[in-house]
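Q: Pasting a structure below so you can have a look.
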Amino acid sequence: MPELNFVLPHWLYWGGLVIFPLIAWGLYHTRGKRAGDTAPVSLPVAYFLLLVGGFMGVHRLYLKSRWAVVFMLLFVGILVTNVEVRQVRNEMSDAHNQVRLAEGKIRRAEKAMARGRRNAEQKMEKARAAMAQARQEEALANDKGHEVERVSQALGGLVLLLLAIDALLLPRLVREARAREPEVSPPSFHCPEVECGEHDPAREPFLFNRMVSRLNGFVGELVAWWSVLAVFVYYYEVIARYVFNSPTNWAHEAMFLMFGMQYLLAGGYVLREGAHVRVDVFYMHLSKRGKALVDVLTSVFFFIFTLALIWTGWTFFMDAYRVQEVSFTEWAVQYWPIKFALPLGGLLLLLQGLAQLLKDIAVLRDPAAAELDVEMRVGS
């Protein structure tokens with residue numbers, strides 16, 4: 001199989017982190033409720049599966065076609081052949097090393113003969129015999145490598161040919177699959193209130209609270225779509241490594257940096273949802289005003305943490321920006337946007353903490369003035 005030399009450009013990485021979640025968020029919130037669409041097979045989904053997993057026959061599995069077995073067998077053949085390719089490469093490398101060693105022995109024997117040393121001719125004969133043996137092994141390794149490469153390319157070419165044919169036949173195949181499948185309305189799904197009830201910004205008591213709640217809700221949902229990007233990137237890494245013998249030097253680094261930023265930017269959203277780890281053995285038994293009082297008292301430690309996070313995070317960001325710091329790997333991605341997530345995430349967390357403090361103070365003055373987050377969560 002041919003090798004993949006693709007390296008994710010920095011501009012595509014940063015652009016994807018912004019554009020992809022915006023598109024996904026927009027599509028999710030603007031799609032209509034198509035109650036009458038009960039088609040069991042979707043043509044866009046079939047083409048998507050052909051694009052990302054067609055070489056394994058995933059699109060044929062989706063259409064419940066027996067031809068999926070053919071794709072699977074070809075894919076297994078490619079994997080087995082690629083294992084042979086890696087082994088042959090090691091054999092070729094060893095053979096090349098033996099040739100270089102034999103060449104060195106011949107040069108040393110020639111110098112010994114020129115100086116008239118004893119046994120020089122015998123050393124030369126041994127060196128030439130070693131060279132002949134090394135050349136023979138090198139030729140065998142090269143022939144085996146070319147043979148295995150031809151088999152791998154033939155299998156890959158056959159898969160590409162079948163995919164091209166399926167790309168043309170897919171509309172007809174989808175129609176046939178729809179004709180075989182009965183149109184059944186999917187069962188409705190009812191999610192438990194406590195698990196699926198989401199924070200409603202409209203129920204916040206103050207304008208500031210509603211604005212902060214919507215802001216953190218938007219940011220939290222936006223960075224959640226980054227998890228979908230990780231699926232695509234790691235999928236590419238697996239295919240590049242095991243199908244094309246081309247492991248990347250950027251996939252893992254790109255994703256763990258992305259998840260680090262996601263962890264920071266989603267902090268305010270998690271606080272809004274009351275999902276941070278907390279010890280509530282005694283808290284849960286308190287009255288509404290008692291809970292608000294505990295929240296106000298313990299908020300001192302919260303604000304110390306968030307202000308320290310913003311201050312130190314901004315320092316780290318500015319230091320990285322001034323020197324244009326990059327990662328120490330070959331990918332050399334810029335670090336200052338990643339470190340900017342430190343103060344930005346701290347700011348979002350601080351705003352949500354202030355909104356919660358205002359609500360707690362209002363509840364202390366009048367328990368009917370507002371609902372605490374935990375009560376809004378359960379009652380939504």
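Here's how to read the names in the structure tokens: chain A, B, ... by the order shown, residue numbers from 1 in each chain, ligand numbers from 1 in the order shown.
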Would you kindly return, as an MDAnalysis selection string, each protein, DNA or RNA residue with an atom no farther than 12 Å from any atom of Leu344 (chain A), considering only C-alpha atoms and excluding same-chain residues fewer than 2 positions away?
A: chainID A and resid 216 219 261:268 306:307 309:314 317 337:342 346:351
Q: So that I can see what lies close to Ile361 (chain A), please list as a CSV table (one decimal) with N, CA and C atoms, in the first residue's frame the residues with an atom at most 10 Å from it, counting only C-alpha atoms and leaving out residues fewer than 3 positions away in the same chain.
A:
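After the write, selection.csv holds the following:
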```csv
chain,number,residue,atom,x,y,z
A,289,ARG,N,-32.4,27.9,52.7
A,289,ARG,CA,-31.5,29.0,53.2
A,289,ARG,C,-30.2,28.5,53.7
A,292,ALA,N,-27.9,27.9,50.9
A,292,ALA,CA,-27.4,29.2,50.3
A,292,ALA,C,-26.3,29.8,51.2
A,293,LEU,N,-26.5,29.6,52.6
A,293,LEU,CA,-25.5,30.2,53.5
A,293,LEU,C,-24.1,29.4,53.3
A,295,ASP,N,-23.1,27.9,50.7
A,295,ASP,CA,-22.5,28.3,49.4
A,295,ASP,C,-21.8,29.6,49.5
A,296,VAL,N,-22.4,30.6,50.2
A,296,VAL,CA,-21.8,31.9,50.3
A,296,VAL,C,-20.5,31.8,51.1
A,356,GLN,N,-23.8,32.6,40.7
A,356,GLN,CA,-24.3,31.8,41.7
A,356,GLN,C,-24.3,32.5,43.1
A,357,LEU,N,-23.3,33.3,43.3
A,357,LEU,CA,-23.2,34.0,44.6
A,357,LEU,C,-24.4,35.0,44.7
A,358,LEU,N,-24.7,35.7,43.6
A,358,LEU,CA,-25.9,36.6,43.6
A,358,LEU,C,-27.2,35.9,44.0
A,364,LEU,N,-30.8,34.0,50.6
A,364,LEU,CA,-30.6,34.3,52.1
A,364,LEU,C,-31.6,35.4,52.5
A,365,ARG,N,-31.8,36.4,51.7
A,365,ARG,CA,-32.7,37.4,52.0
A,365,ARG,C,-34.2,37.0,51.9
A,366,ASP,N,-34.5,36.2,50.9
A,366,ASP,CA,-35.9,35.7,50.7
A,366,ASP,C,-35.8,34.4,50.0
A,367,PRO,N,-36.1,33.3,50.7
A,367,PRO,CA,-36.0,31.9,50.1
A,367,PRO,C,-36.8,31.8,48.8
A,369,ALA,N,-37.1,34.1,46.5
A,369,ALA,CA,-36.7,35.0,45.5
A,369,ALA,C,-36.1,34.2,44.3
A,370,ALA,N,-35.5,33.0,44.5
A,370,ALA,CA,-34.9,32.3,43.4
A,370,ALA,C,-34.8,30.8,43.8
```
Q: Got a sec: who's within 12 Å of Val323 (chain A), counting only C-alpha atoms, leaving out chain neighbours fewer than 4 positions off, as a list in words?
A: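 Counting only C-alpha atoms, the residues come to Phe316, Phe317, Met318, Asp319, Gln334, Tyr335 and Trp336 of chain A.
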Q: From a DSSP pass on the backbone, collect the residues of region 77-291 of chain A flagged as alpha helix (DSSP H) and hand them back as a ChimeraX atom specification.
A: /A:77-114,120-180,193-196,207-224,226-242,251-265,267-272,288-291
Q: If we count only C-alpha atoms and set the cut-off at 7 Å, which residues sit around Val333 (chain A), ignoring sequence neighbours fewer than 6 positions away in its own chain? Please answer as a PyMOL selection string.
A: chain A and resi 10+326-327
Q: Residues at most 10 Å from Phe206 (chain A), counting only C-alpha atoms, excluding those fewer than 3 positions away in the same chain, as a PDB file with N, CA and C atoms, in the first residue's frame?
A:
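out-v2.pdb, written as the output of this step:
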```
ATOM      1  N   PRO A 201     -31.839  28.941  31.537  1.00  0.00           N
ATOM      2  CA  PRO A 201     -31.413  30.311  31.872  1.00  0.00           C
ATOM      3  C   PRO A 201     -32.579  31.248  32.134  1.00  0.00           C
ATOM      4  N   ALA A 202     -33.733  30.973  31.536  1.00  0.00           N
ATOM      5  CA  ALA A 202     -34.868  31.874  31.703  1.00  0.00           C
ATOM      6  C   ALA A 202     -35.376  31.885  33.143  1.00  0.00           C
ATOM      7  N   ARG A 203     -35.045  30.874  33.920  1.00  0.00           N
ATOM      8  CA  ARG A 203     -35.507  30.802  35.302  1.00  0.00           C
ATOM      9  C   ARG A 203     -34.539  31.460  36.276  1.00  0.00           C
ATOM     10  N   ASN A 209     -27.328  36.941  35.707  1.00  0.00           N
ATOM     11  CA  ASN A 209     -27.340  35.485  35.803  1.00  0.00           C
ATOM     12  C   ASN A 209     -27.776  34.851  34.483  1.00  0.00           C
ATOM     13  N   ARG A 210     -28.798  35.424  33.867  1.00  0.00           N
ATOM     14  CA  ARG A 210     -29.290  34.850  32.603  1.00  0.00           C
ATOM     15  C   ARG A 210     -28.255  34.979  31.502  1.00  0.00           C
ATOM     16  N   MET A 211     -27.560  36.114  31.450  1.00  0.00           N
ATOM     17  CA  MET A 211     -26.534  36.312  30.426  1.00  0.00           C
ATOM     18  C   MET A 211     -25.369  35.343  30.621  1.00  0.00           C
ATOM     19  N   ALA A 355     -22.480  34.705  39.423  1.00  0.00           N
ATOM     20  CA  ALA A 355     -23.925  34.544  39.234  1.00  0.00           C
ATOM     21  C   ALA A 355     -24.529  33.671  40.324  1.00  0.00           C
ATOM     22  N   LEU A 358     -24.717  35.718  43.623  1.00  0.00           N
ATOM     23  CA  LEU A 358     -25.855  36.642  43.642  1.00  0.00           C
ATOM     24  C   LEU A 358     -27.152  35.904  43.967  1.00  0.00           C
ATOM     25  N   LYS A 359     -27.307  34.734  43.400  1.00  0.00           N
ATOM     26  CA  LYS A 359     -28.513  33.957  43.659  1.00  0.00           C
ATOM     27  C   LYS A 359     -28.562  33.482  45.108  1.00  0.00           C
ATOM     28  N   ALA A 362     -29.564  36.333  47.297  1.00  0.00           N
ATOM     29  CA  ALA A 362     -30.998  36.600  47.164  1.00  0.00           C
ATOM     30  C   ALA A 362     -31.822  35.585  47.944  1.00  0.00           C
ATOM     31  N   ALA A 370     -35.505  33.044  44.510  1.00  0.00           N
ATOM     32  CA  ALA A 370     -34.858  32.288  43.432  1.00  0.00           C
ATOM     33  C   ALA A 370     -34.754  30.835  43.846  1.00  0.00           C
TER      34      ALA A 370
END
```
Q: Give me, as a PyMOL selection string, all polymer residues having an atom no more than 9 Å from Gly217 (chain A), counting only C-alpha atoms and skipping those fewer than 3 positions away in the same chain.
A: chain A and resi 199+201+212-214+220-222+266+268-269+272
Q: List as a PyMOL selection string the protein and nucleic acid residues near Leu101 (chain A), meaning an atom at most 9 Å away when only C-alpha atoms are counted, but skip any in the same chain fewer than 5 places from it.
A: chain A and resi 96+106+130-131
Q: Using only C-alpha atoms, I'd like a table of the residues in region 99-158 of chain A that come within 9 Å of region 62-74 of chain A; for each, show the closest atom pair and its distance in Å rounded to one decimal, ordered by chain and ascending number, as a Markdown table.
A:
```
| residue | atom | partner | partner_atom | distance |
| --- | --- | --- | --- | --- |
| A:Leu155 | CA | A:Leu74 | CA | 6.5 |
| A:Gly156 | CA | A:Leu74 | CA | 8.2 |
| A:Leu158 | CA | A:Leu74 | CA | 8.3 |
```
